[in-house]
There are 2 protein chains.
Amino acid sequence: MEKAADTNGTGPTESAESRQYLGLRDGIASRISTGDLKPGDKLPSERQLQGEFGLARGTIREALFLLEAEGAIFRRDRSGWYVSPPPVVYDPTRWEGFMSYVEAQGRVPTTFTISTATIPADPLLSDIFSRPLGAPLHHIRRLRSVDGRAVLVEKLVVDAAITPGLLDFDLNTSLTAILKRNFGITVARNQISMQPCALTGDEAVDLRQKSGLPGLALQRVSYDGHGRVVEYDHEYWRHDAVQITVDLRVR
Amino acid sequence: MEKAADTNGTGPTESAESRQYLGLRDGIASRISTGDLKPGDKLPSERQLQGEFGLARGTIREALFLLEAEGAIFRRDRSGWYVSPPPVVYDPTRWEGFMSYVEAQGRVPTTFTISTATIPADPLLSDIFSRPLGAPLHHIRRLRSVDGRAVLVEKLVVDAAITPGLLDFDLNTSLTAILKRNFGITVARNQISMQPCALTGDEAVDLRQKSGLPGLALQRVSYDGHGRVVEYDHEYWRHDAVQITVDLRVR
DNA sequence: TCGCGCATCTGGTTCAGACCAGTTTACCAA
DNA sequence: TTGGTAAACTGGTCTGAACCAGATGCGCGA
């Protein structure tokens with residue numbers, strides 16, 4: 001148990017880690033960077049690592065949590081730890097829809113509609129859409145995956161008055177396309193807000209994440225050419241699944 | 001130690017938490033939302049909470065980590081846990097500089113210049129700036145705080161050829177203003193990229209965070225009216241300190 | 001009054017063991 | 001071959017104990 005008895009001779013720049021979990025983190029990270037472990041590969045189980053490195057399971061998990069926070073690995077509940085695939089690049093200004101930009105990056109996108117409903121506008125939504133209280137709004141909840149891995153949950157709200165029968169369409173495809181093709185609605189401006197967050201409750205459940213893991217929350221209000229709100233969108237991304245890139249003019 | 005023996009009569013929607021740390025999380029969260037604990041207040045120490053709730057310290061810490069991930073509380077190393085102040089709203093398209101937009105939100109911004117240097121361009125920077133390998137570039141590392149709390153570390157790179165003597169100015173003020181006033185340089189376009197990340201190494205040290213805590217990494221390439229790169233910027237934000245908001249036209 | 005130093009407090013790290021609850025696998029029966 | 005079930009496996013939760021190191025505060029000495 002002689003913790004500090006590792007008479008290390010390694011220099012200060014090398015992995016003479018004072019904390020054991022940092023050393024283990026570096027060990028696994030290098031195995032990933034050398035290609036010894038490839039995206040999608042399963043790591044040895046925590047108990048195997050325990051025997052391999054002679055550390056307590058808590059210390060092993062500390063290292064795994066760190067790698068997870070860095071986006072290097074992810075977990076599937078009670079199945080194991082896996083090496084993360086590279087993130088998807090997402091440019092909110094070039095919004096051609098999830099399906100097309102994921103495909104453009106050589107990945108396989110999937111959409112699953114969790115639920116749909118038409119609900120009277122509450123005060124908040126009434127305000128956002130500039131519609132009377134109780135006006136009908138379509139609510140859509142979808143789960144989107146890349147290469148079979150759930151990466152984001154989105155909650156969409158669309159004004160039912162200008163999109164009658166929207167919920168009868170196949171919502172597992174691009175909503176942008178449906179709005180354009182069937183209702184002649186085009187988005188001209190977006191108001192986007194985002195924050196790093198913790199994924200909890202329903203979002204964590206749908207993404208099959210343990211509650212509390214980091215994520216990225218993004219809200220978008222989409223306007224058409226007349227300045228009318230056509231869509232209000234909440235997205236919850238796995239933190240390791242996305243890289244946001246924006247090209248913009250300064251005002 | 002009868003774990004599940006908490007003969008709770010609370011309904012399923014209430015805090016009949018199956019996991020103890022979730023119950024504790026809710027307890028502290030509600031103390032914050034009711035105003036019992038206000039931004040800046042110090043929480044009881046982990047060992048005090050231990051006695052108060054009769055849980056192991058590890059379980060207490062699990063709850064604190066969750067609240068931290070949610071941005072509700074933060075820690076000052078070996079000092080204690082504190083209630084987080086509200087985040088700063090940051091619009092990269094309305095870039096008048098850190099100082100002015102933080103002030104506009106009624107907060108007190110501070111800047112501390114950690115280091116400056118003029119360094120020959122490496123291949124990466126040479127490419128970004130379209131300047132020959134080895135061309136002199138000013139490097140500036142600054143720590144920026146809101147209400148006395150460090151919220152971001154930035155690493156700036158500026159082309160030394162068009163900003164001679166830049167490092168002699170007081171860099172604890174707005175760099176945007178210095179570039180404009182003294183060198184006639186204005187930013188016309190930004191290329192911004194950002195990802196949720198884990199704060200590690202120097203960034204964690206400067207922000208007085210434990211390595212591995214979540215953050216937001218943001219890279220910006222700024223162009224002037226002629227499409228010339230004038231500034232390359234890396235920012236590392238505390239995840240709970242910032243809310244990014246962007247208003248943009250779709251292309 | 002000022003400043004240094006030590007005792008104390010606080011979070012940081014690590015250990016070892018235990019049981020729980022989904023996942024996965026292997027095997028047996030139909 | 002197929003279907004189902006039980007065993008084994010894996011991460012999730014929790015306990016309790018110990019020691020480390022930086023932060024803080026109090027008191028003593030100059």
# chains A, B, ... in the order shown; residues from 1 in each chain; ligands from 1
>>> calpha_fit_rmsd(fixed="chain A", moving="chain B")
0.3 Å
>>> select_by_dssp(residues="region 33-158 of chain A", states="alpha helix (DSSP H)", output="PyMOL selection string")
chain A and resi 33+46-53+57-69+98-104+123-129
>>> closest_residue(among="B:Leu22, B:Leu133, B:Val158, B:Val108", to="chain A", atoms="only C-alpha atoms")
B:Leu22
>>> interface_residues(of="chain B", to="chain D", cutoff="8 Å", atoms="only C-alpha atoms (C1' of nucleotides)", output="ChimeraX atom specification")
/B:19,56,58-59,77-79
>>> write_last_selection(atoms="N, CA and C atoms", output="compact mmCIF listing (two decimals), in the first residue's frame")
# COMPACT_ATOMS: atom_id res chain seq x y z
N ARG B 19 -31.80 6.70 -5.04
CA ARG B 19 -30.38 6.82 -4.74
C ARG B 19 -30.18 7.97 -3.78
N ALA B 56 -22.23 8.29 4.15
CA ALA B 56 -20.78 8.23 4.03
C ALA B 56 -20.30 9.44 3.23
N GLY B 58 -18.30 9.66 0.81
CA GLY B 58 -18.32 9.42 -0.63
C GLY B 58 -19.69 9.73 -1.23
N THR B 59 -20.73 9.38 -0.52
CA THR B 59 -22.09 9.64 -1.01
C THR B 59 -22.37 11.13 -1.02
N ASP B 77 -10.61 25.00 -3.86
CA ASP B 77 -9.77 23.90 -3.39
C ASP B 77 -9.42 24.02 -1.92
N ARG B 78 -9.80 22.97 -1.19
CA ARG B 78 -9.49 22.85 0.23
C ARG B 78 -10.00 24.03 1.06
N SER B 79 -11.00 24.71 0.49
CA SER B 79 -11.61 25.78 1.27
C SER B 79 -13.07 25.43 1.53
>>> interface_residues(of="chain C", to="chain A", cutoff="7 Å", atoms="only C-alpha atoms (C1' of nucleotides)", output="list in words")
DT14, DC15, DG22 and DT23 of chain C
>>> interface_residues(of="chain A", to="chain B", cutoff="6 Å", atoms="only C-alpha atoms", output="VMD selection string")
chain A and resid 66 69 to 70 93 to 94 188 to 198 212 239 243 to 251
>>> write_last_selection(atoms="N, CA and C atoms", output="PDB file, in the first residue's frame")
ATOM      1  N   LEU A  66     -12.417  10.692 -15.577  1.00  0.00           N
ATOM      2  CA  LEU A  66     -11.644  11.772 -16.172  1.00  0.00           C
ATOM      3  C   LEU A  66     -11.590  11.614 -17.682  1.00  0.00           C
ATOM      4  N   ALA A  69     -14.836  12.586 -19.087  1.00  0.00           N
ATOM      5  CA  ALA A  69     -15.023  14.043 -19.133  1.00  0.00           C
ATOM      6  C   ALA A  69     -14.242  14.642 -20.294  1.00  0.00           C
ATOM      7  N   GLU A  70     -13.119  14.024 -20.637  1.00  0.00           N
ATOM      8  CA  GLU A  70     -12.315  14.509 -21.757  1.00  0.00           C
ATOM      9  C   GLU A  70     -12.875  14.049 -23.094  1.00  0.00           C
ATOM     10  N   THR A  93     -25.210  27.636 -38.324  1.00  0.00           N
ATOM     11  CA  THR A  93     -25.544  28.601 -39.384  1.00  0.00           C
ATOM     12  C   THR A  93     -25.771  27.892 -40.717  1.00  0.00           C
ATOM     13  N   ARG A  94     -25.246  26.710 -40.842  1.00  0.00           N
ATOM     14  CA  ARG A  94     -25.427  25.975 -42.096  1.00  0.00           C
ATOM     15  C   ARG A  94     -26.412  24.850 -41.860  1.00  0.00           C
ATOM     16  N   ALA A 188     -35.107  31.755 -42.065  1.00  0.00           N
ATOM     17  CA  ALA A 188     -34.232  32.824 -42.532  1.00  0.00           C
ATOM     18  C   ALA A 188     -33.289  33.297 -41.421  1.00  0.00           C
ATOM     19  N   ARG A 189     -33.678  33.080 -40.175  1.00  0.00           N
ATOM     20  CA  ARG A 189     -32.867  33.572 -39.075  1.00  0.00           C
ATOM     21  C   ARG A 189     -33.018  32.650 -37.872  1.00  0.00           C
ATOM     22  N   ASN A 190     -31.951  32.498 -37.145  1.00  0.00           N
ATOM     23  CA  ASN A 190     -31.970  31.679 -35.937  1.00  0.00           C
ATOM     24  C   ASN A 190     -31.501  32.486 -34.742  1.00  0.00           C
ATOM     25  N   GLN A 191     -32.141  32.261 -33.622  1.00  0.00           N
ATOM     26  CA  GLN A 191     -31.612  32.798 -32.369  1.00  0.00           C
ATOM     27  C   GLN A 191     -31.181  31.594 -31.563  1.00  0.00           C
ATOM     28  N   ILE A 192     -29.892  31.498 -31.306  1.00  0.00           N
ATOM     29  CA  ILE A 192     -29.377  30.297 -30.660  1.00  0.00           C
ATOM     30  C   ILE A 192     -28.737  30.630 -29.323  1.00  0.00           C
ATOM     31  N   SER A 193     -29.011  29.792 -28.357  1.00  0.00           N
ATOM     32  CA  SER A 193     -28.421  29.953 -27.047  1.00  0.00           C
ATOM     33  C   SER A 193     -27.935  28.591 -26.608  1.00  0.00           C
ATOM     34  N   MET A 194     -26.748  28.547 -25.989  1.00  0.00           N
ATOM     35  CA  MET A 194     -26.279  27.228 -25.540  1.00  0.00           C
ATOM     36  C   MET A 194     -25.458  27.322 -24.281  1.00  0.00           C
ATOM     37  N   GLN A 195     -25.500  26.245 -23.517  1.00  0.00           N
ATOM     38  CA  GLN A 195     -24.733  26.176 -22.285  1.00  0.00           C
ATOM     39  C   GLN A 195     -24.266  24.754 -22.071  1.00  0.00           C
ATOM     40  N   PRO A 196     -23.073  24.616 -21.547  1.00  0.00           N
ATOM     41  CA  PRO A 196     -22.698  23.306 -21.012  1.00  0.00           C
ATOM     42  C   PRO A 196     -23.663  22.999 -19.889  1.00  0.00           C
ATOM     43  N   CYS A 197     -24.045  21.769 -19.727  1.00  0.00           N
ATOM     44  CA  CYS A 197     -25.016  21.419 -18.695  1.00  0.00           C
ATOM     45  C   CYS A 197     -24.776  19.999 -18.208  1.00  0.00           C
ATOM     46  N   ALA A 198     -25.553  19.591 -17.249  1.00  0.00           N
ATOM     47  CA  ALA A 198     -25.549  18.194 -16.841  1.00  0.00           C
ATOM     48  C   ALA A 198     -26.804  17.553 -17.399  1.00  0.00           C
ATOM     49  N   GLY A 212     -26.474  13.148 -14.644  1.00  0.00           N
ATOM     50  CA  GLY A 212     -25.406  13.987 -14.126  1.00  0.00           C
ATOM     51  C   GLY A 212     -24.210  14.108 -15.031  1.00  0.00           C
ATOM     52  N   HIS A 239     -21.910  15.434 -24.417  1.00  0.00           N
ATOM     53  CA  HIS A 239     -20.838  16.424 -24.527  1.00  0.00           C
ATOM     54  C   HIS A 239     -19.722  15.975 -25.455  1.00  0.00           C
ATOM     55  N   GLN A 243     -18.982  18.962 -31.924  1.00  0.00           N
ATOM     56  CA  GLN A 243     -18.085  20.110 -31.953  1.00  0.00           C
ATOM     57  C   GLN A 243     -18.811  21.196 -32.711  1.00  0.00           C
ATOM     58  N   ILE A 244     -19.039  22.321 -32.050  1.00  0.00           N
ATOM     59  CA  ILE A 244     -19.779  23.409 -32.676  1.00  0.00           C
ATOM     60  C   ILE A 244     -18.799  24.319 -33.418  1.00  0.00           C
ATOM     61  N   THR A 245     -19.111  24.620 -34.666  1.00  0.00           N
ATOM     62  CA  THR A 245     -18.285  25.544 -35.428  1.00  0.00           C
ATOM     63  C   THR A 245     -19.187  26.567 -36.090  1.00  0.00           C
ATOM     64  N   VAL A 246     -18.849  27.818 -35.926  1.00  0.00           N
ATOM     65  CA  VAL A 246     -19.674  28.886 -36.478  1.00  0.00           C
ATOM     66  C   VAL A 246     -18.784  29.871 -37.213  1.00  0.00           C
ATOM     67  N   ASP A 247     -19.244  30.290 -38.360  1.00  0.00           N
ATOM     68  CA  ASP A 247     -18.518  31.320 -39.101  1.00  0.00           C
ATOM     69  C   ASP A 247     -19.425  32.526 -39.133  1.00  0.00           C
ATOM     70  N   LEU A 248     -18.954  33.641 -38.564  1.00  0.00           N
ATOM     71  CA  LEU A 248     -19.884  34.755 -38.482  1.00  0.00           C
ATOM     72  C   LEU A 248     -19.236  36.113 -38.622  1.00  0.00           C
ATOM     73  N   ARG A 249     -20.063  37.028 -39.047  1.00  0.00           N
ATOM     74  CA  ARG A 249     -19.633  38.402 -39.182  1.00  0.00           C
ATOM     75  C   ARG A 249     -19.858  39.119 -37.856  1.00  0.00           C
ATOM     76  N   VAL A 250     -18.939  39.964 -37.509  1.00  0.00           N
ATOM     77  CA  VAL A 250     -19.043  40.703 -36.259  1.00  0.00           C
ATOM     78  C   VAL A 250     -19.875  41.949 -36.477  1.00  0.00           C
ATOM     79  N   ARG A 251     -20.723  42.251 -35.478  1.00  0.00           N
ATOM     80  CA  ARG A 251     -21.519  43.469 -35.593  1.00  0.00           C
ATOM     81  C   ARG A 251     -21.052  44.526 -34.634  1.00  0.00           C
TER      82      ARG A 251
END
>>> atom_distance(atom1="CA of Ala117 (chain B)", atom2="CA of His139 (chain B)")
5.2 Å
>>> select_by_dssp(residues="region 27-242 of chain B", states="strand (DSSP E or B)", output="PyMOL selection string")
chain B and resi 42+73-76+80-83+88-90+109-120+136-146+149-159+189-199+213-223+229-238+242
